[in-house]
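Engineer: Have a look at the structure that comes next, please.
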Amino acid sequence: MGKRPLEIAAGDVTIGDPSIRGAHITQTAHGNFQTALLPRKALLRACPNAEDLIARSIPGANPITSMFLRYYDLAHEHADKLVPAELDAVSQHLFDLSVLMIGARGDVADEARLRGLAAARFETIKSDIMAQLDSPGLSLSDLAAAHRISPRSIQLLFERAGITYSSFVLEQRLLRAERLLRNPAMRTRKIIEIAHLAGFHDVSYFHRVFRRRFGQTPDDVRQMAGDTG
């Protein structure tokens with residue numbers, strides 16, 4: 001970057017300025033890198049010291065940096081499914097995480113934590129839950145430890161969204177079970193197998209909550225799916 005060289009380790013982040021003459025990136029090992037474009041004026045209003053960090057390494061092990069990278073990946077994965085208003089919100093959350101990562105202070109940092117950090121953390125927690133939905137070991141305490149926050153903090157994130165942690169997990173497991181039962185490729189699988197794949201390891205409980213949620217038994221849903229197919 002101009003006359004300032006920097007070697008960046010895998011997983012780390014740096015700030016670049018393409019307007020600087022001689023700015024370029026050389027990749028010395030197999031892999032890839034990603035770029036997020038930030039509005040310069042807004043960034044400098046939030047972080048007046050941002051230009052001092054150009055071509056300096058921001059460790060990826062930093063919790064905020066790790067959160068930024070994970071939320072960036074989630075945003076990239078789901079961007080094509082979002083409406084403009086949702087894309088605007090996600091962009092704002094990424095900007096909020098950026099200024100926290102770079103070193104915003106005072107009111108700017110407080111606002112970014114309330115808006116961006118909470119939203120990004122909530123989405124990454126939900127993503128982790130979905131990835132472990134079929135695991136009997138999925139627990140609130142383990143999830144909290146993985147995200148370096150308290151179990152109560154996770155419960156509060158869900159409560160602010162108008163649901164509880166346990167009801168979210170149950171609903172997602174039921175929806176997965178219902179999708180599997182309607183899937184023609186799963187017709188040869190036993191109901192107990194479907195229950196396990198959706199994260200239910202008490203089959204009688206599965207039948208009870210499934211009927212309460214959908215007004216039909218798992219066998220009824222499978223039968224109807226077969227009739228319509």
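Residues in the structure tokens are numbered from 1 in each chain, the chains being A, B, ... in the order shown, and ligands are numbered from 1 in the order shown.
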With segment 128-150 of chain A as the partner and 12 Å as the cut-off, tabulate the residues of segment 27-117 of chain A that qualify, each row holding the nearest pair of atoms and their distance in Å to one decimal, using only C-alpha atoms, sorted by chain and rising number, as CSV.

Structural biologist:
```
residue,atom,partner,partner_atom,distance
A:Asn62,CA,A:Arg148,CA,11.7
A:Pro63,CA,A:Arg148,CA,8.5
A:Ile64,CA,A:His147,CA,10.8
A:Ser66,CA,A:His147,CA,10.1
A:Met67,CA,A:His147,CA,9.2
A:Arg70,CA,A:Asp128,CA,10.7
A:Tyr71,CA,A:Asp128,CA,11.8
A:Leu74,CA,A:Asp128,CA,11.1
```

Engineer: Would you write out those residues with all heavy atoms, as a PDB file, in the first residue's frame?

Structural biologist:
```
ATOM      1  N   ASN A  62      -9.526 -11.841  17.036  1.00  0.00           N
ATOM      2  CA  ASN A  62     -10.294 -10.875  17.810  1.00  0.00           C
ATOM      3  C   ASN A  62     -11.791 -11.224  17.718  1.00  0.00           C
ATOM      4  O   ASN A  62     -12.298 -11.459  16.620  1.00  0.00           O
ATOM      5  CB  ASN A  62     -10.029  -9.478  17.239  1.00  0.00           C
ATOM      6  CG  ASN A  62     -10.772  -8.393  17.980  1.00  0.00           C
ATOM      7  OD1 ASN A  62     -12.001  -8.389  18.021  1.00  0.00           O
ATOM      8  ND2 ASN A  62     -10.038  -7.465  18.551  1.00  0.00           N
ATOM      9  N   PRO A  63     -12.513 -11.283  18.846  1.00  0.00           N
ATOM     10  CA  PRO A  63     -13.933 -11.686  18.794  1.00  0.00           C
ATOM     11  C   PRO A  63     -14.786 -10.876  17.824  1.00  0.00           C
ATOM     12  O   PRO A  63     -15.626 -11.424  17.114  1.00  0.00           O
ATOM     13  CB  PRO A  63     -14.401 -11.502  20.243  1.00  0.00           C
ATOM     14  CG  PRO A  63     -13.163 -11.655  21.061  1.00  0.00           C
ATOM     15  CD  PRO A  63     -12.061 -11.073  20.231  1.00  0.00           C
ATOM     16  N   ILE A  64     -14.584  -9.538  17.783  1.00  0.00           N
ATOM     17  CA  ILE A  64     -15.369  -8.708  16.870  1.00  0.00           C
ATOM     18  C   ILE A  64     -15.010  -9.018  15.420  1.00  0.00           C
ATOM     19  O   ILE A  64     -15.872  -9.097  14.546  1.00  0.00           O
ATOM     20  CB  ILE A  64     -15.161  -7.211  17.165  1.00  0.00           C
ATOM     21  CG1 ILE A  64     -15.703  -6.852  18.549  1.00  0.00           C
ATOM     22  CG2 ILE A  64     -15.857  -6.362  16.106  1.00  0.00           C
ATOM     23  CD1 ILE A  64     -17.211  -7.009  18.682  1.00  0.00           C
ATOM     24  N   SER A  66     -13.844 -11.848  14.276  1.00  0.00           N
ATOM     25  CA  SER A  66     -14.424 -13.161  13.984  1.00  0.00           C
ATOM     26  C   SER A  66     -15.914 -13.038  13.686  1.00  0.00           C
ATOM     27  O   SER A  66     -16.428 -13.668  12.752  1.00  0.00           O
ATOM     28  CB  SER A  66     -14.192 -14.102  15.173  1.00  0.00           C
ATOM     29  OG  SER A  66     -14.795 -15.359  14.951  1.00  0.00           O
ATOM     30  N   MET A  67     -16.618 -12.205  14.463  1.00  0.00           N
ATOM     31  CA  MET A  67     -18.046 -11.994  14.239  1.00  0.00           C
ATOM     32  C   MET A  67     -18.287 -11.335  12.884  1.00  0.00           C
ATOM     33  O   MET A  67     -19.195 -11.710  12.136  1.00  0.00           O
ATOM     34  CB  MET A  67     -18.613 -11.123  15.360  1.00  0.00           C
ATOM     35  CG  MET A  67     -20.099 -10.842  15.244  1.00  0.00           C
ATOM     36  SD  MET A  67     -21.106 -12.314  15.522  1.00  0.00           S
ATOM     37  CE  MET A  67     -20.802 -12.583  17.262  1.00  0.00           C
ATOM     38  N   ARG A  70     -17.806 -13.961  10.082  1.00  0.00           N
ATOM     39  CA  ARG A  70     -18.899 -14.933  10.030  1.00  0.00           C
ATOM     40  C   ARG A  70     -20.171 -14.297   9.478  1.00  0.00           C
ATOM     41  O   ARG A  70     -20.895 -14.898   8.677  1.00  0.00           O
ATOM     42  CB  ARG A  70     -19.166 -15.505  11.425  1.00  0.00           C
ATOM     43  CG  ARG A  70     -18.033 -16.379  11.956  1.00  0.00           C
ATOM     44  CD  ARG A  70     -18.489 -17.250  13.088  1.00  0.00           C
ATOM     45  NE  ARG A  70     -19.537 -18.153  12.645  1.00  0.00           N
ATOM     46  CZ  ARG A  70     -20.278 -18.890  13.465  1.00  0.00           C
ATOM     47  NH1 ARG A  70     -20.087 -18.833  14.766  1.00  0.00           N
ATOM     48  NH2 ARG A  70     -21.220 -19.685  13.006  1.00  0.00           N
ATOM     49  N   TYR A  71     -20.459 -13.070   9.909  1.00  0.00           N
ATOM     50  CA  TYR A  71     -21.664 -12.400   9.417  1.00  0.00           C
ATOM     51  C   TYR A  71     -21.517 -12.046   7.938  1.00  0.00           C
ATOM     52  O   TYR A  71     -22.487 -12.106   7.180  1.00  0.00           O
ATOM     53  CB  TYR A  71     -21.931 -11.147  10.253  1.00  0.00           C
ATOM     54  CG  TYR A  71     -23.295 -10.543  10.003  1.00  0.00           C
ATOM     55  CD1 TYR A  71     -24.449 -11.272  10.306  1.00  0.00           C
ATOM     56  CD2 TYR A  71     -23.442  -9.261   9.488  1.00  0.00           C
ATOM     57  CE1 TYR A  71     -25.705 -10.717  10.079  1.00  0.00           C
ATOM     58  CE2 TYR A  71     -24.687  -8.714   9.261  1.00  0.00           C
ATOM     59  CZ  TYR A  71     -25.816  -9.449   9.564  1.00  0.00           C
ATOM     60  OH  TYR A  71     -27.062  -8.921   9.331  1.00  0.00           O
ATOM     61  N   LEU A  74     -22.377 -15.144   6.060  1.00  0.00           N
ATOM     62  CA  LEU A  74     -23.829 -15.355   6.082  1.00  0.00           C
ATOM     63  C   LEU A  74     -24.527 -14.405   5.107  1.00  0.00           C
ATOM     64  O   LEU A  74     -25.424 -14.807   4.362  1.00  0.00           O
ATOM     65  CB  LEU A  74     -24.374 -15.127   7.494  1.00  0.00           C
ATOM     66  CG  LEU A  74     -24.345 -16.294   8.470  1.00  0.00           C
ATOM     67  CD1 LEU A  74     -24.785 -15.823   9.848  1.00  0.00           C
ATOM     68  CD2 LEU A  74     -25.206 -17.442   7.996  1.00  0.00           C
TER      69      LEU A  74
END
```

Engineer: Would you list the contacts of Thr65 of chain A as a PyMOL selection string, taking every protein, DNA or RNA residue within 8 Å and counting only C-alpha atoms, but skipping same-chain residues closer than 6 positions in sequence?

Structural biologist: chain A and resi 13+58-59+97+101

Engineer: For Ser91 of chain A, which of A:Leu37, A:Gly199, A:Pro5, A:Phe122 is the closest residue, counting only C-alpha atoms?

Structural biologist: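 Once distances to Ser91 of chain A are computed over only C-alpha atoms, the minimum belongs to A:Leu37.
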
Engineer: What lies within 12 Å of Phe158 of chain A using only C-alpha atoms, ignoring chain neighbours under 2 positions off, as number ranges by chain?

Structural biologist: A: 118-119, 121-123, 125-126, 140, 151-156, 160-169

Engineer: Please provide as a ChimeraX atom specification all residues within 12 Å of Ala36 of chain A, with the sequence filter that same-chain residues fewer than 5 positions apart are discarded (counting only C-alpha atoms).

Structural biologist: /A:13-17,68-69,71-73,75-76,91,94-95,97-98

Engineer: If you keep all heavy atoms, can you produce a file of those selected residues as a short mmCIF file (atom, residue, chain, number, x, y, z; two decimals), in the first residue's frame?

Structural biologist:
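Below is the file again.cif, written as the result:
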```
data_model
loop_
_atom_site.label_atom_id
_atom_site.label_comp_id
_atom_site.auth_asym_id
_atom_site.auth_seq_id
_atom_site.Cartn_x
_atom_site.Cartn_y
_atom_site.Cartn_z
N VAL A 13 -7.42 -9.48 8.90
CA VAL A 13 -8.10 -8.45 8.11
C VAL A 13 -7.18 -7.23 8.03
O VAL A 13 -6.40 -6.97 8.95
CB VAL A 13 -9.44 -8.05 8.77
CG1 VAL A 13 -10.11 -6.91 8.03
CG2 VAL A 13 -10.38 -9.25 8.83
N THR A 14 -7.30 -6.48 6.97
CA THR A 14 -6.61 -5.20 6.89
C THR A 14 -7.48 -4.19 6.14
O THR A 14 -8.43 -4.58 5.46
CB THR A 14 -5.23 -5.33 6.19
OG1 THR A 14 -4.51 -4.10 6.37
CG2 THR A 14 -5.39 -5.59 4.70
N ILE A 15 -7.16 -2.92 6.30
CA ILE A 15 -7.86 -1.86 5.59
C ILE A 15 -6.99 -1.42 4.42
O ILE A 15 -5.79 -1.20 4.58
CB ILE A 15 -8.12 -0.65 6.51
CG1 ILE A 15 -8.95 -1.08 7.73
CG2 ILE A 15 -8.85 0.45 5.75
CD1 ILE A 15 -9.11 0.02 8.75
N GLY A 16 -7.59 -1.30 3.26
CA GLY A 16 -6.88 -0.82 2.08
C GLY A 16 -7.54 0.42 1.54
O GLY A 16 -8.70 0.70 1.82
N ASP A 17 -6.78 1.17 0.76
CA ASP A 17 -7.31 2.36 0.10
C ASP A 17 -6.87 2.32 -1.36
O ASP A 17 -5.71 2.60 -1.67
CB ASP A 17 -6.77 3.62 0.78
CG ASP A 17 -7.36 4.89 0.20
OD1 ASP A 17 -7.99 4.82 -0.89
OD2 ASP A 17 -7.20 5.96 0.81
N PHE A 68 -17.46 -10.34 12.55
CA PHE A 68 -17.59 -9.67 11.25
C PHE A 68 -17.44 -10.67 10.11
O PHE A 68 -18.23 -10.68 9.15
CB PHE A 68 -16.54 -8.57 11.12
CG PHE A 68 -16.46 -7.96 9.75
CD1 PHE A 68 -17.33 -6.95 9.37
CD2 PHE A 68 -15.53 -8.41 8.82
CE1 PHE A 68 -17.28 -6.39 8.10
CE2 PHE A 68 -15.47 -7.87 7.54
CZ PHE A 68 -16.35 -6.85 7.18
N LEU A 69 -16.42 -11.53 10.18
CA LEU A 69 -16.15 -12.48 9.10
C LEU A 69 -17.29 -13.50 8.97
O LEU A 69 -17.69 -13.86 7.86
CB LEU A 69 -14.82 -13.20 9.36
CG LEU A 69 -13.58 -12.31 9.28
CD1 LEU A 69 -12.35 -13.07 9.75
CD2 LEU A 69 -13.39 -11.78 7.87
N TYR A 71 -20.46 -13.07 9.91
CA TYR A 71 -21.66 -12.40 9.42
C TYR A 71 -21.52 -12.05 7.94
O TYR A 71 -22.49 -12.11 7.18
CB TYR A 71 -21.93 -11.15 10.25
CG TYR A 71 -23.30 -10.54 10.00
CD1 TYR A 71 -24.45 -11.27 10.31
CD2 TYR A 71 -23.44 -9.26 9.49
CE1 TYR A 71 -25.71 -10.72 10.08
CE2 TYR A 71 -24.69 -8.71 9.26
CZ TYR A 71 -25.82 -9.45 9.56
OH TYR A 71 -27.06 -8.92 9.33
N TYR A 72 -20.31 -11.70 7.53
CA TYR A 72 -20.04 -11.43 6.11
C TYR A 72 -20.37 -12.67 5.29
O TYR A 72 -21.01 -12.57 4.23
CB TYR A 72 -18.57 -11.03 5.94
CG TYR A 72 -18.17 -10.75 4.50
CD1 TYR A 72 -18.13 -9.45 4.01
CD2 TYR A 72 -17.85 -11.78 3.63
CE1 TYR A 72 -17.75 -9.18 2.70
CE2 TYR A 72 -17.48 -11.53 2.31
CZ TYR A 72 -17.43 -10.24 1.86
OH TYR A 72 -17.07 -9.99 0.55
N ASP A 73 -19.90 -13.84 5.74
CA ASP A 73 -20.17 -15.07 5.01
C ASP A 73 -21.67 -15.37 4.94
O ASP A 73 -22.19 -15.79 3.90
CB ASP A 73 -19.45 -16.25 5.68
CG ASP A 73 -17.94 -16.21 5.45
OD1 ASP A 73 -17.51 -15.53 4.50
OD2 ASP A 73 -17.20 -16.85 6.22
N ALA A 75 -24.11 -13.15 5.13
CA ALA A 75 -24.71 -12.16 4.23
C ALA A 75 -24.48 -12.53 2.78
O ALA A 75 -25.39 -12.44 1.94
CB ALA A 75 -24.13 -10.77 4.53
N HIS A 76 -23.27 -12.96 2.46
CA HIS A 76 -22.95 -13.34 1.09
C HIS A 76 -23.76 -14.55 0.65
O HIS A 76 -24.23 -14.63 -0.49
CB HIS A 76 -21.45 -13.64 0.99
CG HIS A 76 -20.96 -13.82 -0.41
ND1 HIS A 76 -20.91 -15.05 -1.03
CD2 HIS A 76 -20.51 -12.92 -1.32
CE1 HIS A 76 -20.44 -14.91 -2.25
NE2 HIS A 76 -20.20 -13.63 -2.46
N SER A 91 -26.34 -4.54 5.39
CA SER A 91 -25.21 -3.66 5.10
C SER A 91 -24.88 -2.77 6.30
O SER A 91 -23.72 -2.56 6.63
CB SER A 91 -25.52 -2.78 3.88
OG SER A 91 -25.70 -3.58 2.72
N LEU A 94 -23.11 -4.85 8.93
CA LEU A 94 -21.72 -5.08 8.57
C LEU A 94 -20.88 -3.81 8.82
O LEU A 94 -19.74 -3.90 9.30
CB LEU A 94 -21.60 -5.50 7.10
CG LEU A 94 -21.92 -6.96 6.80
CD1 LEU A 94 -22.04 -7.19 5.30
CD2 LEU A 94 -20.85 -7.88 7.39
N PHE A 95 -21.44 -2.65 8.52
CA PHE A 95 -20.73 -1.40 8.78
C PHE A 95 -20.52 -1.21 10.28
O PHE A 95 -19.43 -0.82 10.72
CB PHE A 95 -21.51 -0.22 8.19
CG PHE A 95 -20.82 1.10 8.40
CD1 PHE A 95 -19.80 1.50 7.55
CD2 PHE A 95 -21.19 1.94 9.44
CE1 PHE A 95 -19.14 2.71 7.74
CE2 PHE A 95 -20.54 3.15 9.64
CZ PHE A 95 -19.52 3.54 8.79
N LEU A 97 -20.28 -3.52 12.57
CA LEU A 97 -19.23 -4.43 13.00
C LEU A 97 -17.86 -3.93 12.56
O LEU A 97 -16.86 -4.07 13.27
CB LEU A 97 -19.48 -5.83 12.44
CG LEU A 97 -20.64 -6.60 13.06
CD1 LEU A 97 -20.91 -7.88 12.27
CD2 LEU A 97 -20.36 -6.95 14.52
N SER A 98 -17.81 -3.32 11.38
CA SER A 98 -16.55 -2.79 10.87
C SER A 98 -16.00 -1.71 11.79
O SER A 98 -14.81 -1.71 12.13
CB SER A 98 -16.73 -2.21 9.46
OG SER A 98 -17.12 -3.18 8.55
#
```

Engineer: Can you tell me, as a list of chain:residue names, what residues are no more than 10 Å from Ala177 of chain A when counting only C-alpha atoms, ignoring any on the same chain fewer than 3 positions away?

Structural biologist: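 Contacts, in chain order: A:Glu171, A:Gln172, A:Arg173, A:Leu174, A:Leu180, A:Leu181, A:Arg182, A:Asn183, A:Ile191, A:Glu193, A:Ile194, A:Ala195, A:His196, A:Leu197, A:Ala198, A:Gly199, A:Phe200, A:Phe206, A:Phe210, A:Pro218.
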
Engineer: Go ahead and write the residues just picked, N, CA, C and O atoms, as a PDB file, in the first residue's frame.

Structural biologist:
```
ATOM      1  N   GLU A 171     -39.360 -25.355  16.927  1.00  0.00           N
ATOM      2  CA  GLU A 171     -40.018 -25.025  15.665  1.00  0.00           C
ATOM      3  C   GLU A 171     -39.153 -25.418  14.472  1.00  0.00           C
ATOM      4  O   GLU A 171     -39.658 -25.986  13.487  1.00  0.00           O
ATOM      5  N   GLN A 172     -37.867 -25.155  14.538  1.00  0.00           N
ATOM      6  CA  GLN A 172     -36.987 -25.497  13.419  1.00  0.00           C
ATOM      7  C   GLN A 172     -36.884 -27.009  13.246  1.00  0.00           C
ATOM      8  O   GLN A 172     -36.820 -27.510  12.116  1.00  0.00           O
ATOM      9  N   ARG A 173     -36.879 -27.753  14.336  1.00  0.00           N
ATOM     10  CA  ARG A 173     -36.836 -29.213  14.248  1.00  0.00           C
ATOM     11  C   ARG A 173     -38.137 -29.765  13.658  1.00  0.00           C
ATOM     12  O   ARG A 173     -38.117 -30.691  12.840  1.00  0.00           O
ATOM     13  N   LEU A 174     -39.245 -29.186  14.049  1.00  0.00           N
ATOM     14  CA  LEU A 174     -40.529 -29.631  13.503  1.00  0.00           C
ATOM     15  C   LEU A 174     -40.622 -29.317  12.006  1.00  0.00           C
ATOM     16  O   LEU A 174     -41.102 -30.147  11.219  1.00  0.00           O
ATOM     17  N   LEU A 180     -38.811 -33.286   5.594  1.00  0.00           N
ATOM     18  CA  LEU A 180     -38.285 -34.626   5.324  1.00  0.00           C
ATOM     19  C   LEU A 180     -39.409 -35.611   5.022  1.00  0.00           C
ATOM     20  O   LEU A 180     -39.287 -36.471   4.145  1.00  0.00           O
ATOM     21  N   LEU A 181     -40.513 -35.488   5.722  1.00  0.00           N
ATOM     22  CA  LEU A 181     -41.649 -36.392   5.511  1.00  0.00           C
ATOM     23  C   LEU A 181     -42.286 -36.175   4.133  1.00  0.00           C
ATOM     24  O   LEU A 181     -42.837 -37.106   3.541  1.00  0.00           O
ATOM     25  N   ARG A 182     -42.202 -34.959   3.615  1.00  0.00           N
ATOM     26  CA  ARG A 182     -42.761 -34.667   2.292  1.00  0.00           C
ATOM     27  C   ARG A 182     -41.777 -34.933   1.162  1.00  0.00           C
ATOM     28  O   ARG A 182     -42.164 -34.883  -0.013  1.00  0.00           O
ATOM     29  N   ASN A 183     -40.553 -35.214   1.514  1.00  0.00           N
ATOM     30  CA  ASN A 183     -39.513 -35.428   0.505  1.00  0.00           C
ATOM     31  C   ASN A 183     -39.628 -36.832  -0.093  1.00  0.00           C
ATOM     32  O   ASN A 183     -39.486 -37.831   0.617  1.00  0.00           O
ATOM     33  N   ILE A 191     -40.255 -43.563  10.262  1.00  0.00           N
ATOM     34  CA  ILE A 191     -40.595 -42.342  10.983  1.00  0.00           C
ATOM     35  C   ILE A 191     -39.579 -42.056  12.080  1.00  0.00           C
ATOM     36  O   ILE A 191     -39.181 -40.909  12.293  1.00  0.00           O
ATOM     37  N   GLU A 193     -36.479 -42.709  12.065  1.00  0.00           N
ATOM     38  CA  GLU A 193     -35.271 -42.156  11.435  1.00  0.00           C
ATOM     39  C   GLU A 193     -35.467 -40.680  11.093  1.00  0.00           C
ATOM     40  O   GLU A 193     -34.557 -39.862  11.274  1.00  0.00           O
ATOM     41  N   ILE A 194     -36.649 -40.362  10.589  1.00  0.00           N
ATOM     42  CA  ILE A 194     -36.966 -38.963  10.285  1.00  0.00           C
ATOM     43  C   ILE A 194     -36.882 -38.125  11.555  1.00  0.00           C
ATOM     44  O   ILE A 194     -36.322 -37.022  11.555  1.00  0.00           O
ATOM     45  N   ALA A 195     -37.437 -38.655  12.646  1.00  0.00           N
ATOM     46  CA  ALA A 195     -37.400 -37.938  13.926  1.00  0.00           C
ATOM     47  C   ALA A 195     -35.957 -37.661  14.344  1.00  0.00           C
ATOM     48  O   ALA A 195     -35.614 -36.551  14.752  1.00  0.00           O
ATOM     49  N   HIS A 196     -35.099 -38.673  14.231  1.00  0.00           N
ATOM     50  CA  HIS A 196     -33.696 -38.509  14.619  1.00  0.00           C
ATOM     51  C   HIS A 196     -32.982 -37.493  13.729  1.00  0.00           C
ATOM     52  O   HIS A 196     -32.191 -36.681  14.211  1.00  0.00           O
ATOM     53  N   LEU A 197     -33.268 -37.523  12.432  1.00  0.00           N
ATOM     54  CA  LEU A 197     -32.641 -36.583  11.500  1.00  0.00           C
ATOM     55  C   LEU A 197     -33.047 -35.134  11.805  1.00  0.00           C
ATOM     56  O   LEU A 197     -32.306 -34.204  11.492  1.00  0.00           O
ATOM     57  N   ALA A 198     -34.215 -34.977  12.399  1.00  0.00           N
ATOM     58  CA  ALA A 198     -34.692 -33.636  12.749  1.00  0.00           C
ATOM     59  C   ALA A 198     -34.288 -33.232  14.169  1.00  0.00           C
ATOM     60  O   ALA A 198     -34.595 -32.116  14.598  1.00  0.00           O
ATOM     61  N   GLY A 199     -33.604 -34.139  14.879  1.00  0.00           N
ATOM     62  CA  GLY A 199     -33.126 -33.798  16.215  1.00  0.00           C
ATOM     63  C   GLY A 199     -33.991 -34.288  17.349  1.00  0.00           C
ATOM     64  O   GLY A 199     -33.732 -33.958  18.516  1.00  0.00           O
ATOM     65  N   PHE A 200     -35.014 -35.103  17.056  1.00  0.00           N
ATOM     66  CA  PHE A 200     -35.871 -35.661  18.108  1.00  0.00           C
ATOM     67  C   PHE A 200     -35.393 -37.076  18.448  1.00  0.00           C
ATOM     68  O   PHE A 200     -35.340 -37.935  17.575  1.00  0.00           O
ATOM     69  N   PHE A 206     -41.903 -36.637  19.929  1.00  0.00           N
ATOM     70  CA  PHE A 206     -41.949 -36.149  18.551  1.00  0.00           C
ATOM     71  C   PHE A 206     -43.364 -36.239  17.979  1.00  0.00           C
ATOM     72  O   PHE A 206     -43.878 -35.277  17.400  1.00  0.00           O
ATOM     73  N   PHE A 210     -45.490 -32.890  17.088  1.00  0.00           N
ATOM     74  CA  PHE A 210     -45.740 -32.768  15.648  1.00  0.00           C
ATOM     75  C   PHE A 210     -47.246 -32.610  15.390  1.00  0.00           C
ATOM     76  O   PHE A 210     -47.662 -31.736  14.616  1.00  0.00           O
ATOM     77  N   PRO A 218     -47.276 -37.600  11.799  1.00  0.00           N
ATOM     78  CA  PRO A 218     -46.231 -37.748  10.776  1.00  0.00           C
ATOM     79  C   PRO A 218     -46.652 -38.700   9.657  1.00  0.00           C
ATOM     80  O   PRO A 218     -46.363 -38.446   8.473  1.00  0.00           O
TER      81      PRO A 218
END
```

Engineer: How would you write, as a PyMOL selection string, the set of residues in segment 18-96 of chain A that DSSP gives as alpha helix (DSSP H)?

Structural biologist: chain A and resi 40-46+63-78+84-96

Engineer: Which neighbours of segment 40-49 of chain A fall inside 8 Å, counting only C-alpha atoms, when residues of the same chain fewer than 2 positions from it are skipped, and could you give them as a list of chain:residue names?

Structural biologist: A:Leu38, A:Glu51, A:Asp52, A:Leu53, A:Val99, A:Ile102, A:Gly103, A:Ala104, A:Arg105, A:Val108

Engineer: Please save all heavy atoms of the selected residues as an mmCIF file, in the first residue's frame.

Structural biologist:
```
data_model
loop_
_atom_site.group_PDB
_atom_site.id
_atom_site.type_symbol
_atom_site.label_atom_id
_atom_site.label_comp_id
_atom_site.auth_asym_id
_atom_site.auth_seq_id
_atom_site.Cartn_x
_atom_site.Cartn_y
_atom_site.Cartn_z
ATOM 1 N N LEU A 38 -16.420 -0.105 2.074
ATOM 2 C CA LEU A 38 -17.043 0.719 3.106
ATOM 3 C C LEU A 38 -17.075 2.178 2.642
ATOM 4 O O LEU A 38 -16.111 2.651 2.036
ATOM 5 C CB LEU A 38 -16.253 0.633 4.413
ATOM 6 C CG LEU A 38 -16.082 -0.780 4.995
ATOM 7 C CD1 LEU A 38 -15.171 -0.728 6.215
ATOM 8 C CD2 LEU A 38 -17.431 -1.371 5.374
ATOM 9 N N GLU A 51 -7.735 5.884 8.922
ATOM 10 C CA GLU A 51 -6.655 5.984 7.946
ATOM 11 C C GLU A 51 -5.299 5.599 8.540
ATOM 12 O O GLU A 51 -4.387 5.189 7.823
ATOM 13 C CB GLU A 51 -6.604 7.396 7.362
ATOM 14 C CG GLU A 51 -7.784 7.676 6.432
ATOM 15 C CD GLU A 51 -7.676 9.041 5.766
ATOM 16 O OE1 GLU A 51 -7.096 9.952 6.400
ATOM 17 O OE2 GLU A 51 -8.180 9.188 4.641
ATOM 18 N N ASP A 52 -5.161 5.717 9.856
ATOM 19 C CA ASP A 52 -3.908 5.306 10.502
ATOM 20 C C ASP A 52 -3.727 3.790 10.471
ATOM 21 O O ASP A 52 -2.613 3.293 10.683
ATOM 22 C CB ASP A 52 -3.887 5.772 11.965
ATOM 23 C CG ASP A 52 -3.911 7.289 12.096
ATOM 24 O OD1 ASP A 52 -3.474 7.958 11.139
ATOM 25 O OD2 ASP A 52 -4.388 7.783 13.130
ATOM 26 N N LEU A 53 -4.820 3.074 10.236
ATOM 27 C CA LEU A 53 -4.769 1.609 10.249
ATOM 28 C C LEU A 53 -4.623 1.011 8.855
ATOM 29 O O LEU A 53 -4.634 -0.211 8.711
ATOM 30 C CB LEU A 53 -6.039 1.055 10.913
ATOM 31 C CG LEU A 53 -6.251 1.463 12.373
ATOM 32 C CD1 LEU A 53 -7.589 0.925 12.885
ATOM 33 C CD2 LEU A 53 -5.119 0.965 13.248
ATOM 34 N N VAL A 99 -16.845 -0.775 12.196
ATOM 35 C CA VAL A 99 -16.338 0.328 13.016
ATOM 36 C C VAL A 99 -15.951 -0.160 14.412
ATOM 37 O O VAL A 99 -15.009 0.370 15.024
ATOM 38 C CB VAL A 99 -17.350 1.495 13.087
ATOM 39 C CG1 VAL A 99 -17.618 2.040 11.694
ATOM 40 C CG2 VAL A 99 -18.647 1.104 13.782
ATOM 41 N N ILE A 102 -12.543 -1.755 13.887
ATOM 42 C CA ILE A 102 -11.488 -0.777 13.656
ATOM 43 C C ILE A 102 -11.171 0.021 14.919
ATOM 44 O O ILE A 102 -10.044 0.436 15.147
ATOM 45 C CB ILE A 102 -11.893 0.156 12.497
ATOM 46 C CG1 ILE A 102 -11.930 -0.652 11.192
ATOM 47 C CG2 ILE A 102 -10.947 1.331 12.367
ATOM 48 C CD1 ILE A 102 -12.603 0.067 10.055
ATOM 49 N N GLY A 103 -12.212 0.216 15.759
ATOM 50 C CA GLY A 103 -11.943 0.893 17.022
ATOM 51 C C GLY A 103 -12.798 2.102 17.315
ATOM 52 O O GLY A 103 -12.305 3.091 17.870
ATOM 53 N N ALA A 104 -14.085 2.061 16.972
ATOM 54 C CA ALA A 104 -14.987 3.170 17.299
ATOM 55 C C ALA A 104 -15.089 3.314 18.821
ATOM 56 O O ALA A 104 -14.968 2.340 19.558
ATOM 57 C CB ALA A 104 -16.360 2.920 16.697
ATOM 58 N N ARG A 105 -15.308 4.521 19.268
ATOM 59 C CA ARG A 105 -15.412 4.796 20.699
ATOM 60 C C ARG A 105 -16.682 5.599 20.993
ATOM 61 O O ARG A 105 -17.338 6.109 20.101
ATOM 62 C CB ARG A 105 -14.192 5.595 21.188
ATOM 63 C CG ARG A 105 -12.853 4.879 21.035
ATOM 64 C CD ARG A 105 -12.711 3.734 22.023
ATOM 65 N NE ARG A 105 -11.370 3.145 21.953
ATOM 66 C CZ ARG A 105 -11.042 2.144 21.148
ATOM 67 N NH1 ARG A 105 -11.942 1.643 20.314
ATOM 68 N NH2 ARG A 105 -9.815 1.651 21.163
ATOM 69 N N VAL A 108 -20.739 6.357 19.235
ATOM 70 C CA VAL A 108 -20.729 5.602 17.978
ATOM 71 C C VAL A 108 -20.590 4.116 18.261
ATOM 72 O O VAL A 108 -21.297 3.285 17.688
ATOM 73 C CB VAL A 108 -19.574 6.076 17.067
ATOM 74 C CG1 VAL A 108 -19.421 5.142 15.870
ATOM 75 C CG2 VAL A 108 -19.838 7.492 16.586
#
```

Engineer: Here is a test: counting only C-alpha atoms, which residue of A:Ala9, A:Ala50, A:Leu114, A:Val209 is nearest to Gly31 of chain A?

Structural biologist: A:Ala9
